[in-house]
Amino acid sequence: MNPEGLRPDRRAELLLGALVCGVLLFVLALVVFVFREAWPSFAHNGLGWFGSGGNPDQQIEKIFTSGNLLQDPVYDFHAWPIIWGTFLITVVAVILSFVASLFVSVFVVEFAPEWIRRLLEPVIRLLASVPSVIFGLLGVLILVPFIGNHVITDGNRESVAYVVSLSGYSLLAGVLILTLMIAPLMVAVFVDGLRSVPRGWLEGSLGLGINRWRTFWKIGVRTARPALVAGTVLATARAIGEVVMLAMVTGGVAFAPNPADGLLFFVEPTRPLAATILQTAEELTSPPMRQTIFAMAAILLFSAMMLSIAGWAVKQPMKRYGVRS
Amino acid sequence: MSTTVAEAPTPAPPPARRSARDSSASWRLSDRLGLAFAWFLGLGFLVVTAGIVLYMMVQGLRYITPELMFTSPAAGFSESETGGFLDPLLGTVIVAAMALGIAFPVGLGVAVWLSEYARPTWLARVAESTVEMLAGSPSIVFALFGVLLFEQGGMGFLSRTNDGVVLGRSFFAASAMLSLIALPLIVANVREGLQAIPGHVREASYAVGKTKIATTRRVLLPAARPSVVTGAMLGLGRIIGDTAIIVLLLGATLRFAPAGDIPLIGALKGTGSTLTTFVYANAPTGEANQPTKAFAAGFVLLTMVLVLNFAVDVAVRRGRKWK
């Protein structure tokens, strides 16, 4: 090859490499600036930021007004109810969705008749791409009134009337819709993983006289574990970051649902981190409030990064026997 | 545990391949319950999705009128005064075009580099995990970073400015940040398409004297077109479905509020809204609270998503299977 022929190729490689570096620098800047902007809020509160104490909504209001009146900025913020709400919604939705998705993907890959499979696959893709406002709208107009009118009784309302008012906007509504939203993401990844289980492994088990269900469950699902982890991580990330739907259906008060209330705590309102950011977004003009909002964003970003790393770490030992990541 | 009751009615419809060995009638009860549960959930999925789509379609068709789509929103007290959603509809189109205009070339470039060059290796690994992290990051964080970025004095030319204070909310700002949520999808799909092309195709191209970049442009990318289209369409779907970034970075004003006098640039520098924020504002929890209009706008939004999905299906079906 003559050097003239190589030159445009080299140039293209450098150009594309520069583009990649640009994207990397942009993401690095994103992380650095979000954390830098968030720092004052963490610095003032220390670990108390994550603790409980007082009502976050009142604290937010104080922080906001202190910034606007040019007084000494107030940073006092204890986000426990918000973090607890985020945690509850995410964990319950991911667990429910994991179980459902696993069964659905096993069904799609191995047990569904051809015509159902042909129908189900595009339907799952479709469900994954329905915008979250639409889920929110349906939740607000159908699920929330249903919970408010039929699940919650007047007796329930009175029993917690002095702490919080129950209206149907609740943890339960958020969890149910979120489960429906993240399940298609999980199913898509699970199905890919289950499909790539070598046929011979399954046939070996079938040849030993083990029935199809048990074979698929013991060999197929176990082999596809890296895909299960990957799908779960993806869906959890989406669940943590879900904003609009949760802002619409969970009630919009920073209340920590109390497990001591028994089953009733599922219908208590709450508000997760991302939804809190959305609802306080108009208060970005006040410097201390802005730093508090960025602190919440920093927590979200940090969890997303940790999740990514945790998923990678969990997959490592599985890779030896698994089919693919 | 050996409850092998042969004459009990099958709890689930029989699986696809029927033979004496495959029939679930002889299985343990726990296995049969599991299978029945899988059937139940699989069909449940179908029913729920069909329910959601049909409900939105029915409600949407009930409330949508042509005037609604071609009049601008207005402030008012009754439903007849508040106009339609022409501006949000155009806003969605503008934002989608601009964001994809940024995300597509960048995503294509990153994917080509990751798949075809990827040297040095450490940089490739860093880039790979960064893109993966972007895919997992909440869009609200991007939105907040966008606020930070576009309020800088130097970014004043991209949004409205009042006495040197930069507003930082404009179509430019929103599109730039929306492109970030489409980027990982485009990169992942294009890369997958490129990697599915076997090595001998590249070697054949090198053998007739083509350079690597020429091979990529003339041979590999055309061959991977279905994946490229899929990535772009999925990215587009995410862009038009996003609300958080629009609320924070587009200002979510009902009508276009152009900044400056230059016709097109002024509008893009100004604020506006999209269908998603229109639905959000018109839901019972929003400021406007007119569910009928929310349904009509949601119907249009869902139709767009359905069309995109159909496009993906066509692209996937056209996809070539390499041997």
# chains A, B, ... in the order shown; residues from 1 in each chain; ligands from 1
>>> residues_around(residues="Pro40 (chain A)", least_positions_apart="5", cutoff="10 Å", atoms="only C-alpha atoms", output="ChimeraX atom specification")
/A:35,45-46,75,288,291-292,294-295
>>> write_last_selection(atoms="C-alpha atoms", output="compact mmCIF listing (two decimals), in the first residue's frame")
# COMPACT_ATOMS: atom_id res chain seq x y z
CA PHE A 35 -20.97 17.01 42.03
CA ASN A 45 -25.41 18.69 56.35
CA GLY A 46 -22.80 15.96 56.49
CA TYR A 75 -28.89 24.46 53.82
CA PRO A 288 -28.98 27.32 48.14
CA GLN A 291 -27.34 23.33 45.36
CA THR A 292 -29.82 21.15 47.22
CA PHE A 294 -28.06 19.30 42.47
CA ALA A 295 -27.27 17.26 45.58
>>> interface_residues(of="chain A", to="chain B", cutoff="6 Å", atoms="only C-alpha atoms", output="list in words")
Asp9, Leu16, Val20, Phe103, Val104, Phe107, Phe111, Pro113, Pro131, Ala237, Gly241, Ala297 and Ala304 of chain A
>>> write_last_selection(atoms="N, CA and C atoms", output="PDB file, in the first residue's frame")
ATOM      1  N   ASP A   9      -7.184   7.372   5.673  1.00  0.00           N
ATOM      2  CA  ASP A   9      -7.630   6.406   6.663  1.00  0.00           C
ATOM      3  C   ASP A   9      -7.166   6.807   8.052  1.00  0.00           C
ATOM      4  N   LEU A  16     -12.368  10.281  14.258  1.00  0.00           N
ATOM      5  CA  LEU A  16     -13.349   9.527  15.058  1.00  0.00           C
ATOM      6  C   LEU A  16     -12.877   9.408  16.503  1.00  0.00           C
ATOM      7  N   VAL A  20     -14.796  10.592  19.926  1.00  0.00           N
ATOM      8  CA  VAL A  20     -15.012   9.771  21.115  1.00  0.00           C
ATOM      9  C   VAL A  20     -14.469  10.479  22.344  1.00  0.00           C
ATOM     10  N   PHE A 103     -40.733 -15.210  34.035  1.00  0.00           N
ATOM     11  CA  PHE A 103     -41.735 -16.155  33.553  1.00  0.00           C
ATOM     12  C   PHE A 103     -42.133 -15.834  32.110  1.00  0.00           C
ATOM     13  N   VAL A 104     -42.333 -14.551  31.832  1.00  0.00           N
ATOM     14  CA  VAL A 104     -42.747 -14.192  30.477  1.00  0.00           C
ATOM     15  C   VAL A 104     -41.662 -14.559  29.477  1.00  0.00           C
ATOM     16  N   PHE A 107     -41.566 -18.206  28.885  1.00  0.00           N
ATOM     17  CA  PHE A 107     -42.737 -18.528  28.073  1.00  0.00           C
ATOM     18  C   PHE A 107     -42.483 -18.196  26.604  1.00  0.00           C
ATOM     19  N   PHE A 111     -42.040 -21.915  25.544  1.00  0.00           N
ATOM     20  CA  PHE A 111     -43.324 -22.589  25.663  1.00  0.00           C
ATOM     21  C   PHE A 111     -44.456 -21.994  24.839  1.00  0.00           C
ATOM     22  N   PRO A 113     -46.807 -20.964  21.822  1.00  0.00           N
ATOM     23  CA  PRO A 113     -47.022 -21.375  20.444  1.00  0.00           C
ATOM     24  C   PRO A 113     -46.541 -20.274  19.499  1.00  0.00           C
ATOM     25  N   PRO A 131     -44.314   6.419  25.948  1.00  0.00           N
ATOM     26  CA  PRO A 131     -43.744   7.478  26.786  1.00  0.00           C
ATOM     27  C   PRO A 131     -44.307   7.448  28.198  1.00  0.00           C
ATOM     28  N   ALA A 237     -31.900   0.863  36.723  1.00  0.00           N
ATOM     29  CA  ALA A 237     -31.463   2.217  36.373  1.00  0.00           C
ATOM     30  C   ALA A 237     -32.650   3.030  35.876  1.00  0.00           C
ATOM     31  N   GLY A 241     -34.405   6.376  37.709  1.00  0.00           N
ATOM     32  CA  GLY A 241     -34.441   7.638  36.979  1.00  0.00           C
ATOM     33  C   GLY A 241     -35.826   8.040  36.517  1.00  0.00           C
ATOM     34  N   ALA A 297     -29.625  15.322  42.525  1.00  0.00           N
ATOM     35  CA  ALA A 297     -29.208  14.792  41.228  1.00  0.00           C
ATOM     36  C   ALA A 297     -27.914  14.005  41.363  1.00  0.00           C
ATOM     37  N   ALA A 304     -26.651   5.530  39.786  1.00  0.00           N
ATOM     38  CA  ALA A 304     -26.579   4.958  38.440  1.00  0.00           C
ATOM     39  C   ALA A 304     -25.190   4.397  38.175  1.00  0.00           C
TER      40      ALA A 304
END
>>> atom_distance(atom1="CA of Ser101 (chain A)", atom2="CA of Leu307 (chain A)")
19.6 Å
>>> residues_around(residues="region 186-200 of chain B", least_positions_apart="2", cutoff="7 Å", atoms="only C-alpha atoms", output="ChimeraX atom specification")
/B:104,107-108,110-112,115,182-184,202-204,220,224,227-228,230-232,235,322
>>> residues_around(residues="Ile277 (chain A)", least_positions_apart="4", cutoff="7 Å", atoms="only C-alpha atoms", output="PyMOL selection string")
chain A and resi 273+281+293
>>> write_last_selection(atoms="C-alpha atoms", output="CSV table (one decimal), in the first residue's frame")
chain,number,residue,atom,x,y,z
A,273,LEU,CA,-35.8,11.8,44.4
A,281,ALA,CA,-37.2,22.7,39.3
A,293,ILE,CA,-31.4,20.1,43.9
>>> atom_distance(atom1="CA of Leu206 (chain A)", atom2="CA of Val191 (chain A)")
20.5 Å
>>> decode(residues="region 161-229 of chain A", atoms="C-alpha atoms", output="short mmCIF file (atom, residue, chain, number, x, y, z; two decimals), in the first residue's frame")
data_model
loop_
_atom_site.label_atom_id
_atom_site.label_comp_id
_atom_site.auth_asym_id
_atom_site.auth_seq_id
_atom_site.Cartn_x
_atom_site.Cartn_y
_atom_site.Cartn_z
CA ALA A 161 -55.75 11.04 59.34
CA TYR A 162 -53.52 12.85 61.82
CA VAL A 163 -50.33 11.95 59.90
CA VAL A 164 -51.20 11.93 56.24
CA SER A 165 -54.30 12.02 54.08
CA LEU A 166 -54.90 9.05 51.80
CA SER A 167 -56.30 9.90 48.41
CA GLY A 168 -55.19 7.12 46.10
CA TYR A 169 -52.03 8.91 45.04
CA SER A 170 -49.77 6.35 46.55
CA LEU A 171 -46.75 4.14 46.65
CA LEU A 172 -48.90 1.31 45.31
CA ALA A 173 -49.93 3.18 42.17
CA GLY A 174 -46.32 4.13 41.50
CA VAL A 175 -45.03 0.61 42.06
CA LEU A 176 -47.65 -1.05 39.85
CA ILE A 177 -47.17 1.25 36.89
CA LEU A 178 -43.40 1.25 37.26
CA THR A 179 -43.45 -2.56 37.22
CA LEU A 180 -45.33 -2.46 33.96
CA MET A 181 -42.90 0.10 32.55
CA ILE A 182 -39.66 -1.68 33.34
CA ALA A 183 -40.81 -5.25 32.67
CA PRO A 184 -40.50 -4.94 28.86
CA LEU A 185 -36.89 -3.77 29.22
CA MET A 186 -36.10 -6.82 31.34
CA VAL A 187 -37.97 -9.19 29.04
CA ALA A 188 -36.06 -7.95 25.99
CA VAL A 189 -32.68 -8.63 27.58
CA PHE A 190 -33.78 -11.91 29.22
CA VAL A 191 -35.16 -13.26 25.94
CA ASP A 192 -31.88 -12.52 24.16
CA GLY A 193 -29.97 -14.34 26.87
CA LEU A 194 -32.28 -17.35 27.00
CA ARG A 195 -32.21 -17.67 23.20
CA SER A 196 -28.47 -18.02 23.12
CA VAL A 197 -28.37 -20.98 25.50
CA PRO A 198 -26.80 -23.79 23.43
CA ARG A 199 -29.52 -26.16 22.26
CA GLY A 200 -27.36 -29.18 22.99
CA TRP A 201 -27.23 -28.41 26.71
CA LEU A 202 -31.00 -28.42 26.90
CA GLU A 203 -31.26 -31.57 24.82
CA GLY A 204 -28.81 -33.33 27.06
CA SER A 205 -31.13 -32.75 29.95
CA LEU A 206 -34.23 -33.68 27.97
CA GLY A 207 -32.51 -36.87 26.91
CA LEU A 208 -32.15 -37.82 30.57
CA GLY A 209 -35.92 -37.79 30.81
CA ILE A 210 -36.29 -34.48 32.64
CA ASN A 211 -39.37 -32.60 31.56
CA ARG A 212 -39.21 -29.47 29.46
CA TRP A 213 -40.19 -27.05 32.22
CA ARG A 214 -37.62 -28.32 34.65
CA THR A 215 -34.94 -28.54 31.98
CA PHE A 216 -35.46 -25.00 30.88
CA TRP A 217 -35.62 -23.72 34.41
CA LYS A 218 -32.50 -25.54 35.65
CA ILE A 219 -30.33 -25.34 32.55
CA GLY A 220 -31.62 -22.47 30.45
CA VAL A 221 -32.29 -19.90 33.13
CA ARG A 222 -29.15 -20.79 35.04
CA THR A 223 -26.98 -20.47 31.96
CA ALA A 224 -28.50 -17.13 31.10
CA ARG A 225 -27.73 -15.60 34.49
CA PRO A 226 -25.41 -12.89 33.11
CA ALA A 227 -28.28 -11.73 30.92
CA LEU A 228 -30.60 -11.74 33.91
CA VAL A 229 -28.18 -9.48 35.78
#
